[in-house]
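Engineer: Below are the structure tokens for one structure; questions will follow.
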There are 2 protein chains.
Amino acid sequence: MTTAASPSPQRQVPCEKCPLRAQTALRDFSQDELDFVRGFKSGELTAEAGTTLLVEGTNSAHLYTVLSGWAIRHKTLPDGRRQILNFVLPADFLGLQGTVLGEMQHSVEALTDMVLCVFPRERLWELYRSQPSLAFDLTWIAAREEQLLDEYLLGVGRRRALERLAFVLLHLFLRAEQVGLTADNKVQFPFTQQHLADALGMSLVHTNKTLRRLTASKAVRWKNRTFEVLDRDALTSLAGYQMTDRQPRPFI
Amino acid sequence: MTTAASPSPQRQVPCEKCPLRAQTALRDFSQDELDFVRGFKSGELTAEAGTTLLVEGTNSAHLYTVLSGWAIRHKTLPDGRRQILNFVLPADFLGLQGTVLGEMQHSVEALTDMVLCVFPRERLWELYRSQPSLAFDLTWIAAREEQLLDEYLLGVGRRRALERLAFVLLHLFLRAEQVGLTADNKVQFPFTQQHLADALGMSLVHTNKTLRRLTASKAVRWKNRTFEVLDRDALTSLAGYQMTDRQPRPFI
DNA sequence: CGACTTGTTGATGTACATCAAGGTACGTGG
DNA sequence: CCACGTACCTTGATGTACATCAACAAGTCG
């Protein structure tokens with residue numbers, strides 16, 4: 001029962017001062033876009049670590065942009081086996097699938113305390129009518145997510161444990177770096193080895209053994225969920241290759 | 001060197017008589033949308049079985065809607081291991097990822113002779129400016145694709161061989177049914193067990209053994225790539241559950 | 001010319017031996 | 001108590017090897 005670690009204590013951030021906007025990896029908005037988004041935003045949501053933000057099988061009236069914090073997107077089989085589909089970081093957009101398909105087909109769970117920007121789903125149509133560039137961004141976001149899933153599917157389907165682990169850790173590190181969550185080639189990951197196992201489609205024990213093999217290679221360190229990249233080239237080569245974004249990333 | 005089996009011999013189908021439009025599973029277009037699409041369409045592409053339509057790592061100037069035929073979307077690791085990301089059927093849309101992210105991150109290969117509707121990628125922006133409903137459809141399509149990948153990732157990561165196979169076969173059968181490619185609970189699948197193996201993330205041998213176990217269950221038959229569902233409930237239960245679309249499907 | 005035989009090839013089916021990954025159990029350490 | 005580390009055994013999945021079977025091409029014979 002920790003209290004949420006909001007960036008600025010209990011005051012909503014006005015869109016024009018959105019902390020995400022400082023990120024170099026994100027594209028700039030025009031004044032018109034900014035005005036629209038300000039009107040579109042209906043509030044902020046502060047969620048504690050452990051909260052389930054979206055539940056598989058339910059409808060959600062909202063769309064979210066993550067302002068701070070980490071989450072996972074996951075699905076669970078009837079008998080409890082769980083697959084983490086991907087990790088959610090600041091600037092990520094949540095809930096599109098629900099808009100489009102009715103009820104959510106996956107759940108989202110906060111790994112840390114989070115702050116999210118909230119948009120009312122029923123007004124999404126206005127966005128499409130009046131803001132083609134933002135509409136395009138939403139498609140962009142969905143397509144990028146799809147690309148990411150392609151990559152993960154390739155990994156889970158065809159890569160061996162060590163490559164798969166190296167790939168996912170490298171990818172998470174790069175994403176964290178993009179949004180300024182790294183320092184000194186280190187990140188504080190908010191997840192346990194069990195989470196990693198669920199993302200990799202492997203058992204906890206095997207994940208542990210593989211992680212041990214990986215650290216033995218001296219390319220990385222893992223201590224108390226602090227992940228440190230010692231030799232980025234070595235890690236990249238263990239992972240096979242790395243994914244890169246080629247365009248400034250939009251967000252809403 | 002077979003000649004393509006076009007639906008109507010060498011004559012381009014006008015959009016208002018698009019054969020896909022007859023499908024009940026697809027939504028209707030307004031006159032305005034129809035007019036736009038007619039102008040947007042730049043031609044038709046006939047591709048022979050075996051052709052690679054889109055190549056990982058290259059840019060493509062076009063977007064496609066599949067009018068007829070089957071294809072696979074796949075990725076390959078440097079050492080040749082291949083993962084089929086999903087199967088492409090009539091009414092599917094191809095190329096969005098490329099628009100949005102620059103070069104394609106996956107390849108698309110025709111499994112049968114195909115006819116595709118071609119749209120110039122550089123005019124996509126007009127669609128967003130003047131046709132918000134079609135823009136929304138594109139987002140819908142991307143989100144639905146994402147949902148599908150979620151499901152496949154869950155399967156490859158967490159399901160056992162038999163469930164996974166049952167799930168994919170059931171899913172493909174249902175998709176084929178939606179576009180009218182089944183009769184008598186039978187489909188003529190255009191792919192070999194090797195393709196199935198690459199989609200499931202398993203070896204050919206194990207796929208074969210698993211397929212044998214599945215047919216032994218009397219729920220399905222598989223003979224010369226003809227797939228027959230004998231007991232849909234049994235198959236569904238082996239698969240765990242089935243995916244269903246809840247809304248009329250758009251297409252462009 | 002047409003029917004039959006032979007050779008080739010690609011897709012399957014099955015039998016091992018082997019190995020990567022899973023599962024259980026029981027440690028440690030914060 | 002929960003996350004992590006490891007040992008030990010089990011098992012699901014792989015890889016190799018080889019047999020079967022149908023489709024198809026080429027050549028042969030009546």
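All residue names refer to the structure tokens as shown: chains lettered A, B, ... in order, residues numbered from 1 in each chain, ligands numbered from 1 in order.
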Let's see if you can do this: from backbone DSSP, list all helix (DSSP H, G or I) residues in segment 91-246 of chain A, as number ranges by chain.

Structural biologist: A: 96-101, 121-130, 132-158, 161-178, 193-200, 204-216, 232-239

Engineer: Please determine the contact residues of chain B with respect to chain D at a cut-off of 9 Å, counting only C-alpha atoms (C1' of nucleotides), and supply them as a PyMOL selection string.

Structural biologist: chain B and resi 160-161+202-203+205-206

Engineer: Would you export the selected residues with N, CA and C atoms as a PDB file, in the first residue's frame, please?

Structural biologist:
ATOM      1  N   ARG B 160       1.055 -26.001 -25.064  1.00  0.00           N
ATOM      2  CA  ARG B 160       1.764 -27.205 -25.475  1.00  0.00           C
ATOM      3  C   ARG B 160       1.435 -27.492 -26.936  1.00  0.00           C
ATOM      4  N   ALA B 161       2.280 -28.323 -27.506  1.00  0.00           N
ATOM      5  CA  ALA B 161       2.199 -28.572 -28.948  1.00  0.00           C
ATOM      6  C   ALA B 161       0.782 -28.876 -29.439  1.00  0.00           C
ATOM      7  N   MET B 202       7.677 -24.930 -34.004  1.00  0.00           N
ATOM      8  CA  MET B 202       8.105 -26.283 -33.670  1.00  0.00           C
ATOM      9  C   MET B 202       8.854 -26.877 -34.854  1.00  0.00           C
ATOM     10  N   SER B 203       9.461 -28.038 -34.638  1.00  0.00           N
ATOM     11  CA  SER B 203      10.163 -28.705 -35.727  1.00  0.00           C
ATOM     12  C   SER B 203       9.149 -29.434 -36.606  1.00  0.00           C
ATOM     13  N   VAL B 205       9.241 -32.528 -37.643  1.00  0.00           N
ATOM     14  CA  VAL B 205       8.958 -33.868 -37.139  1.00  0.00           C
ATOM     15  C   VAL B 205       7.947 -33.834 -35.999  1.00  0.00           C
ATOM     16  N   HIS B 206       8.165 -32.915 -35.099  1.00  0.00           N
ATOM     17  CA  HIS B 206       7.259 -32.843 -33.963  1.00  0.00           C
ATOM     18  C   HIS B 206       5.875 -32.371 -34.393  1.00  0.00           C
TER      19      HIS B 206
END

Engineer: For chain A, which residue out of C:DC16, C:DC1, C:DA21, C:DA11 is the nearest one, using only C-alpha atoms (C1' of nucleotides)?

Structural biologist: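 When distances to chain A are compared using only C-alpha atoms (C1' of nucleotides), the smallest one comes from C:DA21.
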
Engineer: Which of segment 87-231 of chain A counts as strand (DSSP E) under DSSP, as a list in words please?

Structural biologist: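 Strand (DSSP E) assignments inside segment 87-231 of chain A correspond to Phe87, Val88, Phe93, Leu94, Ser107, Val108, Glu109, Ala110, Met114, Val115, Leu116, Cys117, Val118, Phe119, Pro120, Thr182, Ala183, Lys186, Val187, Gln188, Val220, Arg221, Trp222, Lys223, Thr226, Phe227, Glu228 and Val229 of chain A.
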
Engineer: Pick from B:Arg82, B:Arg21, B:Arg213, B:Arg121: nearest to chain A, with only C-alpha atoms counted?

Structural biologist: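 So, comparing all the options, the nearest one is B:Arg82.
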
Engineer: Pick out the chain B residues within 6 Å of chain A. Count only C-alpha atoms. Give them as JSON, numbers by chain.

Structural biologist: {"B": [83, 97, 100, 128, 129, 132, 139, 140, 142, 143, 146, 153, 154, 157, 158, 201]}

Engineer: Could you write out as a PDB file with C-alpha atoms, in the first residue's frame the residues of chain B within 10 Å of chain C, counting only C-alpha atoms (C1' of nucleotides)?

Structural biologist:
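out.pdb, freshly written:
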ATOM      1  CA  THR B 192       2.537 -27.929 -45.998  1.00  0.00           C
ATOM      2  CA  GLN B 193       3.353 -29.272 -42.565  1.00  0.00           C
ATOM      3  CA  GLN B 194       6.609 -27.365 -42.779  1.00  0.00           C
ATOM      4  CA  VAL B 205       8.958 -33.868 -37.139  1.00  0.00           C
ATOM      5  CA  ASN B 208       3.918 -34.218 -37.825  1.00  0.00           C
ATOM      6  CA  LYS B 209       3.689 -36.332 -34.677  1.00  0.00           C
ATOM      7  CA  ARG B 212      -1.017 -37.383 -36.006  1.00  0.00           C
ATOM      8  CA  ASN B 224      -3.295 -34.021 -48.738  1.00  0.00           C
ATOM      9  CA  ARG B 225      -3.616 -30.614 -47.134  1.00  0.00           C
TER      10      ARG B 225
END
